[in-house]
>>> print(open('start-v1.cif').read())   # mmCIF, C-alpha atoms
data_coords
loop_
_atom_site.label_atom_id
_atom_site.label_comp_id
_atom_site.auth_asym_id
_atom_site.auth_seq_id
_atom_site.Cartn_x
_atom_site.Cartn_y
_atom_site.Cartn_z
CA MET A 2 -239.56 71.30 6.55
CA ALA A 3 -237.40 73.90 4.86
CA ASP A 4 -234.42 72.61 2.87
CA LEU A 5 -231.84 75.26 3.76
CA GLN A 6 -229.25 73.91 1.34
CA ARG A 7 -231.55 74.44 -1.62
CA LEU A 8 -232.32 77.96 -0.39
CA GLU A 9 -228.59 78.64 -0.07
CA ASP A 10 -228.03 77.35 -3.59
CA ALA A 11 -230.72 79.75 -4.86
CA LEU A 12 -228.73 82.66 -3.41
CA LYS A 13 -225.28 81.64 -4.68
CA GLN A 14 -225.26 84.23 -7.46
CA ASP A 15 -226.62 86.89 -5.14
CA GLY A 16 -224.11 86.50 -2.35
CA GLY A 17 -226.84 86.58 0.25
CA GLN A 18 -227.17 84.42 3.34
CA VAL A 19 -229.50 81.72 4.65
CA GLU A 20 -229.48 80.52 8.23
CA GLU A 21 -231.62 78.77 10.78
CA ALA A 22 -233.97 81.09 12.63
CA GLY A 23 -233.08 82.16 16.15
CA PRO A 24 -235.22 83.10 19.16
CA ALA A 25 -235.68 86.67 17.87
CA ASP A 26 -236.91 85.55 14.45
CA VAL A 27 -240.60 85.70 15.28
CA VAL A 28 -243.50 87.32 13.42
CA ASP A 29 -246.17 88.45 15.86
CA GLY A 30 -245.63 85.45 18.12
CA VAL A 31 -245.16 82.94 15.29
CA PRO A 32 -241.60 81.54 15.20
CA ALA A 33 -239.78 81.14 11.89
CA VAL A 34 -237.79 78.13 10.69
CA ALA A 35 -235.18 79.94 8.59
CA VAL A 36 -234.06 83.43 7.57
CA ALA A 37 -232.81 84.47 4.12
CA ARG A 38 -231.06 87.77 3.49
CA PRO A 39 -230.65 88.47 -0.23
CA THR A 40 -228.86 91.57 -1.50
CA SER A 41 -230.53 92.14 -4.87
CA ALA A 42 -233.88 91.97 -6.63
CA ASP A 43 -232.74 88.83 -8.47
CA GLY A 44 -231.78 87.30 -5.13
CA VAL A 45 -235.22 88.03 -3.68
CA ALA A 46 -236.85 86.48 -6.75
CA ALA A 47 -234.60 83.41 -6.57
CA VAL A 48 -235.23 82.70 -2.92
CA LEU A 49 -238.99 83.21 -3.34
CA ARG A 50 -239.02 80.86 -6.33
CA GLU A 51 -237.26 78.16 -4.32
CA ALA A 52 -239.33 78.73 -1.18
CA THR A 53 -242.58 78.45 -3.14
CA ALA A 54 -241.31 75.32 -4.90
CA GLN A 55 -240.79 73.81 -1.45
CA GLY A 56 -244.27 74.89 -0.34
CA LEU A 57 -242.87 77.24 2.27
CA VAL A 58 -244.65 80.26 3.75
CA THR A 59 -242.51 83.39 3.47
CA VAL A 60 -242.87 86.63 5.43
CA ALA A 61 -240.84 89.70 4.46
CA ARG A 62 -239.14 91.64 7.25
CA GLY A 63 -237.39 95.00 7.25
CA ALA A 64 -236.47 96.61 10.56
CA ALA A 65 -239.38 94.82 12.29
CA THR A 66 -240.79 98.05 13.78
CA ALA A 67 -244.33 97.00 12.84
CA LEU A 68 -243.96 93.25 12.41
CA ASP A 69 -246.62 92.69 15.08
CA TRP A 70 -249.20 94.87 13.33
CA GLY A 71 -252.20 93.27 11.66
CA ALA A 72 -252.97 89.61 12.28
CA PRO A 73 -250.39 86.86 12.91
CA PRO A 74 -249.53 84.74 9.85
CA GLU A 75 -250.79 81.19 9.80
CA ARG A 76 -247.18 80.00 10.00
CA VAL A 77 -243.69 81.23 9.13
CA ASP A 78 -241.29 78.88 7.38
CA LEU A 79 -239.00 81.59 6.03
CA ILE A 80 -238.35 85.20 6.96
CA LEU A 81 -237.10 87.16 3.97
CA ASP A 82 -234.89 89.88 5.48
CA THR A 83 -234.85 92.87 3.13
CA THR A 84 -232.17 94.86 4.94
CA GLY A 85 -229.57 93.66 2.44
CA LEU A 86 -231.31 95.82 -0.17
CA ASP A 87 -230.35 99.15 1.32
CA ARG A 88 -229.22 101.31 -1.59
CA LEU A 89 -230.52 104.67 -2.68
CA VAL A 90 -230.69 104.01 -6.41
CA GLU A 91 -231.33 107.51 -7.73
CA HIS A 92 -232.22 110.98 -6.54
CA GLY A 93 -233.56 113.06 -9.39
CA ALA A 94 -233.57 116.36 -7.55
CA GLY A 95 -234.66 118.28 -10.65
CA ASP A 96 -237.66 115.99 -11.09
CA LEU A 97 -238.45 115.77 -7.35
CA VAL A 98 -238.16 111.98 -7.49
CA VAL A 99 -236.18 109.46 -5.46
CA VAL A 100 -235.73 105.73 -6.13
CA ALA A 101 -234.71 103.48 -3.23
CA GLU A 102 -234.45 99.79 -2.41
CA ALA A 103 -236.86 98.29 0.06
CA GLY A 104 -234.39 97.80 2.91
CA LEU A 105 -233.17 101.40 3.05
CA PRO A 106 -234.20 103.08 6.31
CA VAL A 107 -236.62 105.93 5.71
CA ALA A 108 -234.54 108.13 8.02
CA GLU A 109 -231.48 107.67 5.79
CA LEU A 110 -233.47 108.43 2.65
CA SER A 111 -234.84 111.57 4.30
CA GLU A 112 -231.38 112.72 5.31
CA THR A 113 -230.11 112.37 1.74
CA VAL A 114 -232.89 114.33 0.07
CA ARG A 115 -232.83 116.96 2.84
CA ALA A 116 -229.40 118.03 1.53
CA ALA A 117 -231.21 119.16 -1.62
CA ALA A 118 -233.88 121.01 0.40
CA GLN A 119 -236.42 118.29 -0.40
CA GLU A 120 -238.38 115.80 1.65
CA LEU A 121 -240.44 112.64 1.45
CA VAL A 122 -243.54 113.70 3.36
CA VAL A 123 -244.54 110.47 5.08
CA ASP A 124 -244.05 111.56 8.72
CA LEU A 125 -243.60 108.09 10.15
CA PRO A 126 -244.01 107.89 13.93
CA PRO A 127 -240.74 108.96 15.59
CA GLU A 128 -240.41 105.63 17.36
CA ARG A 129 -240.50 103.76 14.04
CA LEU A 130 -237.99 106.13 12.45
CA ALA A 131 -235.65 105.67 15.38
CA GLY A 132 -236.03 101.90 15.03
CA GLY A 133 -234.85 102.01 11.42
CA SER A 134 -238.21 101.59 9.66
CA THR A 135 -237.52 100.78 6.02
CA VAL A 136 -238.98 101.89 2.70
CA GLY A 137 -240.54 98.45 2.22
CA GLY A 138 -241.97 98.40 5.73
CA ALA A 139 -243.51 101.83 5.34
CA LEU A 140 -245.19 100.72 2.12
CA SER A 141 -246.28 97.38 3.53
CA THR A 142 -248.10 98.98 6.47
CA GLY A 143 -249.28 102.03 4.51
CA THR A 144 -248.34 104.35 7.35
CA SER A 145 -248.46 108.12 6.97
CA GLY A 146 -248.41 110.95 9.47
CA PRO A 147 -249.87 114.41 10.09
CA ARG A 148 -248.99 116.07 6.79
CA ARG A 149 -250.99 113.60 4.72
CA LEU A 150 -253.78 116.19 5.09
CA GLN A 151 -252.27 118.44 2.43
CA ARG A 152 -249.89 116.23 0.46
CA GLY A 153 -251.40 112.77 0.67
CA GLY A 154 -250.36 109.52 2.28
CA ILE A 155 -247.55 107.23 1.22
CA ARG A 156 -249.90 105.55 -1.26
CA ASP A 157 -250.26 108.91 -3.02
CA LEU A 158 -246.50 109.52 -3.03
CA VAL A 159 -245.32 106.20 -4.47
CA LEU A 160 -244.89 106.50 -8.24
CA GLY A 161 -243.85 102.98 -9.10
CA ALA A 162 -242.26 99.83 -7.76
CA THR A 163 -240.36 96.70 -8.67
CA VAL A 164 -241.94 93.70 -6.99
CA ALA A 165 -240.99 90.04 -6.61
CA LEU A 166 -244.01 87.75 -6.67
CA ALA A 167 -244.29 84.42 -4.88
CA ASP A 168 -243.30 82.40 -7.96
CA GLY A 169 -240.13 84.44 -8.46
CA THR A 170 -241.51 86.67 -11.19
CA ILE A 171 -240.17 90.24 -11.07
CA ALA A 172 -242.83 92.76 -12.05
CA SER A 173 -242.68 96.53 -12.37
CA SER A 174 -245.39 99.16 -12.50
CA GLY A 175 -245.63 102.92 -12.68
CA GLY A 176 -242.41 104.82 -13.18
CA LYS A 177 -240.14 107.43 -11.71
CA VAL A 178 -241.90 110.46 -13.15
CA VAL A 179 -245.13 111.96 -11.90
CA LYS A 180 -246.88 111.83 -15.28
CA ASN A 181 -246.41 108.07 -15.76
CA VAL A 182 -249.70 106.55 -14.66
CA ALA A 183 -250.14 103.82 -17.26
CA GLY A 184 -250.36 100.12 -16.42
CA TYR A 185 -251.36 97.96 -13.48
CA ASP A 186 -250.34 99.88 -10.39
CA LEU A 187 -248.71 97.22 -8.24
CA ALA A 188 -247.05 99.86 -6.07
CA LYS A 189 -250.35 101.22 -4.80
CA LEU A 190 -251.89 97.74 -4.67
CA LEU A 191 -249.15 96.48 -2.35
CA THR A 192 -249.24 99.57 -0.12
CA GLY A 193 -250.92 98.53 3.11
CA ALA A 194 -251.18 94.86 2.07
CA TYR A 195 -248.77 93.64 4.80
CA GLY A 196 -246.63 91.66 2.38
CA THR A 197 -249.42 89.29 1.35
CA LEU A 198 -249.29 89.99 -2.40
CA GLY A 199 -245.60 90.38 -3.20
CA VAL A 200 -242.29 91.69 -1.89
CA VAL A 201 -241.38 95.23 -2.90
CA VAL A 202 -237.68 95.36 -3.77
CA ARG A 203 -237.47 98.92 -5.13
CA ALA A 204 -239.78 101.92 -5.17
CA ALA A 205 -239.91 105.43 -6.63
CA PHE A 206 -241.44 108.32 -4.68
CA ARG A 207 -242.57 111.84 -5.34
CA LEU A 208 -240.67 114.40 -3.27
CA HIS A 209 -241.68 117.90 -2.19
CA PRO A 210 -239.57 121.01 -1.74
CA ALA A 211 -238.84 121.55 1.93
CA ARG A 212 -240.68 124.49 3.45
CA PRO A 213 -238.18 126.31 5.67
CA ASP A 214 -240.52 128.08 8.07
CA ARG A 215 -243.26 126.70 10.26
CA ALA A 216 -245.50 127.57 13.17
CA TYR A 217 -247.90 125.60 15.32
CA VAL A 218 -251.19 126.83 16.71
CA VAL A 219 -252.67 124.95 19.65
CA ALA A 220 -255.93 125.14 21.57
CA THR A 221 -257.66 123.04 24.22
CA GLY A 222 -261.35 122.55 24.87
CA PRO A 223 -264.30 120.15 25.20
CA LEU A 224 -264.30 117.28 22.71
CA ALA A 225 -267.18 118.49 20.54
CA ASP A 226 -265.85 122.05 20.45
CA ILE A 227 -262.34 120.97 19.47
CA ALA A 228 -263.70 118.71 16.72
CA ALA A 229 -265.78 121.58 15.32
CA LEU A 230 -262.87 124.05 15.46
CA ALA A 231 -260.51 121.56 13.82
CA ARG A 232 -263.06 120.92 11.08
CA ALA A 233 -263.36 124.64 10.47
CA VAL A 234 -259.59 124.98 10.00
CA VAL A 235 -259.44 121.99 7.65
CA ALA A 236 -262.20 123.48 5.51
CA SER A 237 -260.75 127.00 5.56
CA GLN A 238 -258.60 128.81 2.99
CA LEU A 239 -255.67 128.94 5.44
CA ALA A 240 -254.01 125.90 3.82
CA PRO A 241 -252.82 124.10 6.97
CA ALA A 242 -250.16 121.47 6.41
CA ALA A 243 -251.66 119.37 9.22
CA VAL A 244 -254.47 119.55 11.76
CA GLU A 245 -254.01 117.04 14.59
CA ILE A 246 -256.13 116.19 17.63
CA ASP A 247 -254.92 114.59 20.87
CA ARG A 248 -257.43 113.22 23.35
CA PRO A 249 -255.84 111.38 26.32
CA ALA A 250 -257.64 108.43 27.86
CA GLY A 251 -260.27 109.42 30.39
CA SER A 252 -260.38 113.07 29.37
CA ASP A 253 -263.39 115.22 28.54
CA VAL A 254 -261.13 117.67 26.73
CA ALA A 255 -258.80 117.44 23.75
CA GLU A 256 -256.05 119.52 22.20
CA VAL A 257 -255.89 120.55 18.57
CA ALA A 258 -252.61 121.52 16.93
CA VAL A 259 -252.37 123.11 13.49
CA LEU A 260 -249.15 123.17 11.47
CA ILE A 261 -248.57 126.10 9.13
CA GLU A 262 -245.65 125.79 6.70
CA GLY A 263 -244.20 128.19 4.16
CA THR A 264 -241.67 130.95 3.78
CA GLY A 265 -241.14 134.18 5.63
CA SER A 266 -243.71 136.44 7.23
CA ALA A 267 -246.65 134.76 5.51
CA VAL A 268 -246.34 131.85 7.94
CA GLY A 269 -246.80 134.12 10.95
CA GLN A 270 -249.75 135.87 9.35
CA ARG A 271 -251.53 132.61 8.59
CA ALA A 272 -250.75 131.29 12.06
CA ALA A 273 -252.30 134.40 13.58
CA ALA A 274 -255.42 133.84 11.48
CA VAL A 275 -255.62 130.21 12.64
CA ALA A 276 -255.18 131.31 16.26
CA GLU A 277 -258.13 133.64 15.83
CA VAL A 278 -260.30 130.80 14.52
CA LEU A 279 -259.27 128.43 17.31
CA GLY A 280 -259.02 130.94 20.11
CA GLY A 281 -255.59 129.43 20.68
CA ARG A 282 -251.94 130.43 20.69
CA ALA A 283 -249.14 130.24 18.13
CA GLN A 284 -245.79 128.70 19.04
CA ALA A 285 -242.57 127.71 17.31
CA GLU A 286 -242.38 124.11 18.55
CA ALA A 287 -244.72 121.18 18.08
CA PRO A 288 -246.54 119.85 21.15
CA GLY A 289 -244.81 116.88 22.75
CA TRP A 290 -247.31 114.38 21.39
CA TRP A 291 -247.05 115.50 17.76
CA ALA A 292 -246.76 112.65 15.19
CA ALA A 293 -246.16 110.00 17.89
CA LEU A 294 -248.49 107.08 18.36
CA PRO A 295 -250.66 107.21 21.50
CA GLY A 296 -249.03 105.44 24.40
CA VAL A 297 -245.51 106.41 23.40
CA SER A 298 -245.31 110.11 24.18
CA THR A 299 -246.84 112.07 27.06
CA GLY A 300 -249.53 114.40 25.76
CA SER A 301 -249.95 117.94 26.97
CA THR A 302 -253.72 118.10 27.10
CA GLY A 303 -254.91 119.02 30.56
CA GLY A 304 -251.65 117.75 32.03
CA GLY A 305 -252.74 114.21 31.19
CA SER A 306 -250.76 111.33 29.80
CA SER A 307 -251.45 109.11 26.83
CA THR A 308 -249.32 106.26 28.10
CA SER A 309 -250.94 103.01 27.00
CA GLY A 310 -249.31 100.60 29.45
CA GLY A 311 -249.25 97.94 26.75
CA GLY A 312 -252.82 98.41 25.57
CA THR A 313 -254.43 97.47 22.28
CA TYR A 314 -253.36 99.68 19.39
CA ALA A 315 -255.80 100.46 16.58
CA LYS A 316 -256.14 102.71 13.54
CA ALA A 317 -259.45 104.49 13.09
CA THR A 318 -260.75 106.30 10.03
CA ALA A 319 -263.69 108.66 9.86
CA THR A 320 -265.21 111.32 7.67
CA LEU A 321 -264.45 114.96 8.45
CA VAL A 322 -267.76 115.20 10.30
CA GLY A 323 -267.35 111.72 11.80
CA VAL A 324 -264.29 112.68 13.86
CA ALA A 325 -266.55 114.30 16.46
CA GLU A 326 -268.63 111.13 16.65
CA LEU A 327 -265.48 109.04 17.08
CA LEU A 328 -264.29 111.24 19.95
CA ALA A 329 -267.68 110.96 21.61
CA ALA A 330 -267.70 107.18 21.09
CA ALA A 331 -264.31 106.92 22.81
CA ARG A 332 -265.59 108.73 25.92
CA ASP A 333 -268.81 106.71 25.91
CA ALA A 334 -266.88 103.42 25.60
CA GLU A 335 -264.80 104.35 28.64
CA GLN A 336 -267.89 104.99 30.72
CA ARG A 337 -269.71 101.87 29.53
CA TYR A 338 -266.91 99.31 29.69
CA GLY A 339 -264.42 100.68 32.19
CA VAL A 340 -261.58 100.99 29.71
CA GLY A 341 -259.23 103.79 28.71
CA VAL A 342 -259.30 105.04 25.11
CA ALA A 343 -256.60 107.47 23.94
CA LEU A 344 -257.15 108.99 20.49
CA ARG A 345 -254.66 110.94 18.43
CA GLY A 346 -254.40 111.85 14.76
CA SER A 347 -255.69 113.88 11.86
CA ALA A 348 -258.80 115.97 12.17
CA ALA A 349 -259.44 114.98 8.56
CA GLY A 350 -260.15 111.45 9.74
CA VAL A 351 -257.15 109.16 10.29
CA LEU A 352 -256.56 108.65 14.00
CA HIS A 353 -254.71 106.19 16.20
CA ALA A 354 -256.20 104.70 19.34
CA VAL A 355 -254.88 102.83 22.35
CA VAL A 356 -257.47 100.92 24.38
CA THR A 357 -256.54 99.64 27.85
CA GLY A 358 -258.71 97.20 29.78
CA THR A 359 -259.55 93.52 30.11
CA PRO A 360 -259.74 91.54 26.85
CA GLU A 361 -263.52 91.38 27.02
CA ALA A 362 -263.91 95.08 27.79
CA THR A 363 -261.38 96.03 25.11
CA ALA A 364 -263.24 94.02 22.49
CA ALA A 365 -266.52 95.67 23.50
CA ALA A 366 -264.91 99.12 23.34
CA VAL A 367 -263.51 98.46 19.86
CA GLY A 368 -266.96 97.38 18.75
CA HIS A 369 -268.38 100.60 20.17
CA LEU A 370 -265.82 102.69 18.28
CA ARG A 371 -266.75 100.85 15.10
CA SER A 372 -270.41 101.70 15.65
CA ALA A 373 -269.55 105.42 15.33
CA ALA A 374 -269.70 104.88 11.55
CA THR A 375 -272.74 103.11 10.14
CA ASP A 376 -270.90 102.03 6.97
CA PRO A 377 -267.27 100.98 6.35
CA ARG A 378 -267.09 103.68 3.69
CA ASP A 379 -267.62 106.27 6.43
CA GLY A 380 -265.20 104.86 8.96
CA THR A 381 -263.32 101.79 10.12
CA VAL A 382 -261.41 100.66 13.19
CA THR A 383 -258.57 98.20 12.54
CA VAL A 384 -256.77 96.60 15.47
CA LEU A 385 -253.07 96.57 14.58
CA ARG A 386 -251.41 95.41 17.80
CA ALA A 387 -253.07 93.35 20.52
CA SER A 388 -252.55 90.41 22.83
CA ARG A 389 -253.72 86.95 21.85
CA GLU A 390 -256.44 87.24 24.49
CA VAL A 391 -257.84 90.39 22.89
CA ARG A 392 -257.59 88.97 19.37
CA ALA A 393 -259.58 85.93 20.47
CA GLN A 394 -262.45 88.27 21.35
CA LEU A 395 -262.78 90.16 18.05
CA ASP A 396 -262.09 90.40 14.33
CA VAL A 397 -259.05 92.66 14.20
CA TRP A 398 -259.98 94.04 10.77
CA GLY A 399 -263.69 94.55 11.31
CA PRO A 400 -266.19 95.13 8.48
CA VAL A 401 -264.56 96.02 5.16
CA GLY A 402 -265.81 96.55 1.65
CA GLY A 403 -264.54 94.79 -1.48
CA LEU A 404 -263.36 91.63 0.27
CA ASP A 405 -264.23 89.40 -2.69
CA LEU A 406 -262.11 91.57 -4.98
CA MET A 407 -259.20 91.47 -2.51
CA ARG A 408 -259.38 87.68 -2.40
CA ALA A 409 -259.43 87.51 -6.18
CA ILE A 410 -256.27 89.64 -6.35
CA LYS A 411 -254.58 87.40 -3.77
CA GLN A 412 -255.52 84.36 -5.85
CA GLN A 413 -254.08 85.94 -8.98
CA LEU A 414 -250.79 87.09 -7.50
CA ASP A 415 -250.20 84.38 -4.89
CA PRO A 416 -252.39 81.38 -5.74
CA GLY A 417 -250.51 79.05 -3.39
CA ARG A 418 -250.89 81.44 -0.43
CA ASN A 419 -247.13 81.38 0.14
CA LEU A 420 -246.78 85.02 1.20
CA ALA A 421 -247.78 85.80 4.79
CA PRO A 422 -251.16 84.02 4.67
CA GLY A 423 -253.57 85.21 7.34
CA ARG A 424 -251.90 88.57 8.02
CA PHE A 425 -254.41 90.64 6.04
CA VAL A 426 -258.15 91.16 6.14
CA GLY A 427 -260.37 88.10 5.66
CA GLY A 428 -257.47 85.72 6.25
CA ILE A 429 -255.75 86.81 3.03
#
>>> encode(input="start-v1.cif", output="structure tokens")
Amino acid sequence: MADLQRLEDALKQDGGQVEEAGPADVVDGVPAVAVARPTSADGVAAVLREATAQGLVTVARGAATALDWGAPPERVDLILDTTGLDRLVEHGAGDLVVVAEAGLPVAELSETVRAAAQELVVDLPPERLAGGSTVGGALSTGTSGPRRLQRGGIRDLVLGATVALADGTIASSGGKVVKNVAGYDLAKLLTGAYGTLGVVVRAAFRLHPARPDRAYVVATGPLADIAALARAVVASQLAPAAVEIDRPAGSDVAEVAVLIEGTGSAVGQRAAAVAEVLGGRAQAEAPGWWAALPGVSTGSTGGGSSTSGGGTYAKATATLVGVAELLAAARDAEQRYGVGVALRGSAAGVLHAVVTGTPEATAAAVGHLRSAATDPRDGTVTVLRASREVRAQLDVWGPVGGLDLMRAIKQQLDPGRNLAPGRFVGGI
């Protein structure tokens, strides 16, 4: 049982708060006992040190926009609320670098750097941005959007981080300049680890100059044709900022949308060249489904809708060639198992899926999607959000490589398994 008084005492110097958990303090269906809200890195370290000394399990929480992604933790004794760490520490506009605390909403960070005609190119889903998704949450889930094609995902953009480990140790890695690559890169290690290795309290990111002009080129066609056309654009010299595919559940057709960014007339010229490759049309606005997760926004393909109706949400990866096989596997799974499978994401091989059907049929469909790649190095399907009934039917993470190494890192950084045990692959 958590000793709240001792946790409060640990935060005296910080000025943070500790309170009993309420009905809303739940992590993917697992209720918490207490909630701590420190306001500094030292406060995070102090409360973790005390929680670990008490043998408590701690789960970090930002805006909770993806707190039900991954697997449920084995238990939750303490939620560590990071929203008290909400400061933008530094914006080095001349160096194209920004340093922010973990609880700062990504939307606020973006608004600040936009004033200097710069941007952090992570393209979080609009629904997460609107919900206040934080810097720490974005790192924890490793989420990136359409423009990762040209400028990398959030793991490529993080330059360094300050991290509090389970025993209260504060560790730093990397730096705030692009050339600093020495040392053990905790920032990249913790990206996508769902808070199981440490709690990020501050991070530095690479920024990019904002590109003032943009155009979208869209085309619709049969699944195999769209995959081939999208692949041709990705491999071309036209330098697309993003190439996205939307395939609504139950459809034999998909839509491809290509984003061209730049300055002046060159954007229109490149968009015209892309339109010629696709046999499509250029337009000023993004399609309605752009950057949103399937099931949230109505897609425009064939007048269909991608509404999930509370289905199972998964992230699928594939090789550039494997995207066509993944699209085909989605249609085949629908016909075999009587489910709906909506797919949306990068033609370069990071897509999001929503599967709707009975738990048994959904599990079978996920297995079929996984079979599109013969090796985890060529493609994976990770179930991020699902009902307990669906989770009982499958391994949400699926086959992965390097599991022994991941477990060894967990043992080194969190030997007592005090940080969100069970949330990550292999029960880590």
>>> atom_distance(input="start-v1.cif", atom1="atom CA of A:Arg149", atom2="atom CA of A:Ile261")
13.5 Å
>>> closest_residue(input="start-v1.cif", among="A:Pro288, A:Gly341, A:Gly146, A:Gly222", to="A:Thr363", atoms="all atoms listed in the file")
A:Gly341
>>> resolve_selection(input="start-v1.cif", expression="the PyMOL selection byres ((chain A and resi 151-168) around 6)", output="MDAnalysis selection string")
chainID A and resid 46 49:50 123 145 148:150 169:177 188:189 199:207 242 415
>>> atom_distance(input="start-v1.cif", atom1="atom CA of A:Thr135", atom2="atom CA of A:Ala103")
6.5 Å
>>> resolve_selection(input="start-v1.cif", expression="the PyMOL selection byres ((chain A and resi 17) around 9)", output="ChimeraX atom specification")
/A:9,12-16,18-19,37-41,44,85
>>> closest_residue(input="start-v1.cif", among="A:Val254, A:Leu5, A:Val340, A:Ala348", to="A:Ala365", atoms="all atoms listed in the file")
A:Val340
>>> closest_atom_pairs(input="start-v1.cif", of="stretch 143-214 of chain A", to="stretch 400-408 of chain A", cutoff="12 Å", atoms="all atoms listed in the file", output="CSV")
residue,atom,partner,partner_atom,distance
A:Leu190,CA,A:Met407,CA,9.9
A:Leu191,CA,A:Met407,CA,11.2
A:Ala194,CA,A:Met407,CA,9.8
A:Thr197,CA,A:Met407,CA,10.7
A:Leu198,CA,A:Met407,CA,10.0
>>> residues_around(input="start-v1.cif", residues="A:Ala101", least_positions_apart="3", cutoff="8 Å", atoms="all atoms listed in the file", output="list in words")
Asp87, Arg88, Leu89, Val90, Glu91, Leu105, Leu110, Val136, Arg203, Ala204 and Ala205 of chain A
>>> atom_distance(input="start-v1.cif", atom1="atom CA of A:Gly143", atom2="atom CA of A:Leu68")
13.0 Å
>>> resolve_selection(input="start-v1.cif", expression="the PyMOL selection byres ((chain A and resi 336) around 12)", output="list in words")
Ala250, Gly251, Ser252, Asp253, Ala329, Ala330, Ala331, Arg332, Asp333, Ala334, Glu335, Arg337, Tyr338, Gly339, Val340, Gly341, Val342, Ala362, Ala365, Ala366 and His369 of chain A
>>> write_last_selection(input="start-v1.cif", atoms="C-alpha atoms", output="PDB file, in the coordinates of the input")
ATOM      1  CA  ALA A 250    -257.640 108.430  27.860  1.00  0.00           C
ATOM      2  CA  GLY A 251    -260.270 109.420  30.390  1.00  0.00           C
ATOM      3  CA  SER A 252    -260.380 113.070  29.370  1.00  0.00           C
ATOM      4  CA  ASP A 253    -263.390 115.220  28.540  1.00  0.00           C
ATOM      5  CA  ALA A 329    -267.680 110.960  21.610  1.00  0.00           C
ATOM      6  CA  ALA A 330    -267.700 107.180  21.090  1.00  0.00           C
ATOM      7  CA  ALA A 331    -264.310 106.920  22.810  1.00  0.00           C
ATOM      8  CA  ARG A 332    -265.590 108.730  25.920  1.00  0.00           C
ATOM      9  CA  ASP A 333    -268.810 106.710  25.910  1.00  0.00           C
ATOM     10  CA  ALA A 334    -266.880 103.420  25.600  1.00  0.00           C
ATOM     11  CA  GLU A 335    -264.800 104.350  28.640  1.00  0.00           C
ATOM     12  CA  ARG A 337    -269.710 101.870  29.530  1.00  0.00           C
ATOM     13  CA  TYR A 338    -266.910  99.310  29.690  1.00  0.00           C
ATOM     14  CA  GLY A 339    -264.420 100.680  32.190  1.00  0.00           C
ATOM     15  CA  VAL A 340    -261.580 100.990  29.710  1.00  0.00           C
ATOM     16  CA  GLY A 341    -259.230 103.790  28.710  1.00  0.00           C
ATOM     17  CA  VAL A 342    -259.300 105.040  25.110  1.00  0.00           C
ATOM     18  CA  ALA A 362    -263.910  95.080  27.790  1.00  0.00           C
ATOM     19  CA  ALA A 365    -266.520  95.670  23.500  1.00  0.00           C
ATOM     20  CA  ALA A 366    -264.910  99.120  23.340  1.00  0.00           C
ATOM     21  CA  HIS A 369    -268.380 100.600  20.170  1.00  0.00           C
TER      22      HIS A 369
END
>>> residues_around(input="start-v1.cif", residues="A:Ala228", least_positions_apart="5", cutoff="12 Å", atoms="only C-alpha atoms", output="number ranges by chain")
A: 220-223, 233-235, 244-248, 254-258, 279, 320-329, 346-350
>>> write_last_selection(input="start-v1.cif", atoms="C-alpha atoms", output="PDB file, keeping the file's coordinate frame")
ATOM      1  CA  ALA A 220    -255.930 125.140  21.570  1.00  0.00           C
ATOM      2  CA  THR A 221    -257.660 123.040  24.220  1.00  0.00           C
ATOM      3  CA  GLY A 222    -261.350 122.550  24.870  1.00  0.00           C
ATOM      4  CA  PRO A 223    -264.300 120.150  25.200  1.00  0.00           C
ATOM      5  CA  ALA A 233    -263.360 124.640  10.470  1.00  0.00           C
ATOM      6  CA  VAL A 234    -259.590 124.980  10.000  1.00  0.00           C
ATOM      7  CA  VAL A 235    -259.440 121.990   7.650  1.00  0.00           C
ATOM      8  CA  VAL A 244    -254.470 119.550  11.760  1.00  0.00           C
ATOM      9  CA  GLU A 245    -254.010 117.040  14.590  1.00  0.00           C
ATOM     10  CA  ILE A 246    -256.130 116.190  17.630  1.00  0.00           C
ATOM     11  CA  ASP A 247    -254.920 114.590  20.870  1.00  0.00           C
ATOM     12  CA  ARG A 248    -257.430 113.220  23.350  1.00  0.00           C
ATOM     13  CA  VAL A 254    -261.130 117.670  26.730  1.00  0.00           C
ATOM     14  CA  ALA A 255    -258.800 117.440  23.750  1.00  0.00           C
ATOM     15  CA  GLU A 256    -256.050 119.520  22.200  1.00  0.00           C
ATOM     16  CA  VAL A 257    -255.890 120.550  18.570  1.00  0.00           C
ATOM     17  CA  ALA A 258    -252.610 121.520  16.930  1.00  0.00           C
ATOM     18  CA  LEU A 279    -259.270 128.430  17.310  1.00  0.00           C
ATOM     19  CA  THR A 320    -265.210 111.320   7.670  1.00  0.00           C
ATOM     20  CA  LEU A 321    -264.450 114.960   8.450  1.00  0.00           C
ATOM     21  CA  VAL A 322    -267.760 115.200  10.300  1.00  0.00           C
ATOM     22  CA  GLY A 323    -267.350 111.720  11.800  1.00  0.00           C
ATOM     23  CA  VAL A 324    -264.290 112.680  13.860  1.00  0.00           C
ATOM     24  CA  ALA A 325    -266.550 114.300  16.460  1.00  0.00           C
ATOM     25  CA  GLU A 326    -268.630 111.130  16.650  1.00  0.00           C
ATOM     26  CA  LEU A 327    -265.480 109.040  17.080  1.00  0.00           C
ATOM     27  CA  LEU A 328    -264.290 111.240  19.950  1.00  0.00           C
ATOM     28  CA  ALA A 329    -267.680 110.960  21.610  1.00  0.00           C
ATOM     29  CA  GLY A 346    -254.400 111.850  14.760  1.00  0.00           C
ATOM     30  CA  SER A 347    -255.690 113.880  11.860  1.00  0.00           C
ATOM     31  CA  ALA A 348    -258.800 115.970  12.170  1.00  0.00           C
ATOM     32  CA  ALA A 349    -259.440 114.980   8.560  1.00  0.00           C
ATOM     33  CA  GLY A 350    -260.150 111.450   9.740  1.00  0.00           C
TER      34      GLY A 350
END
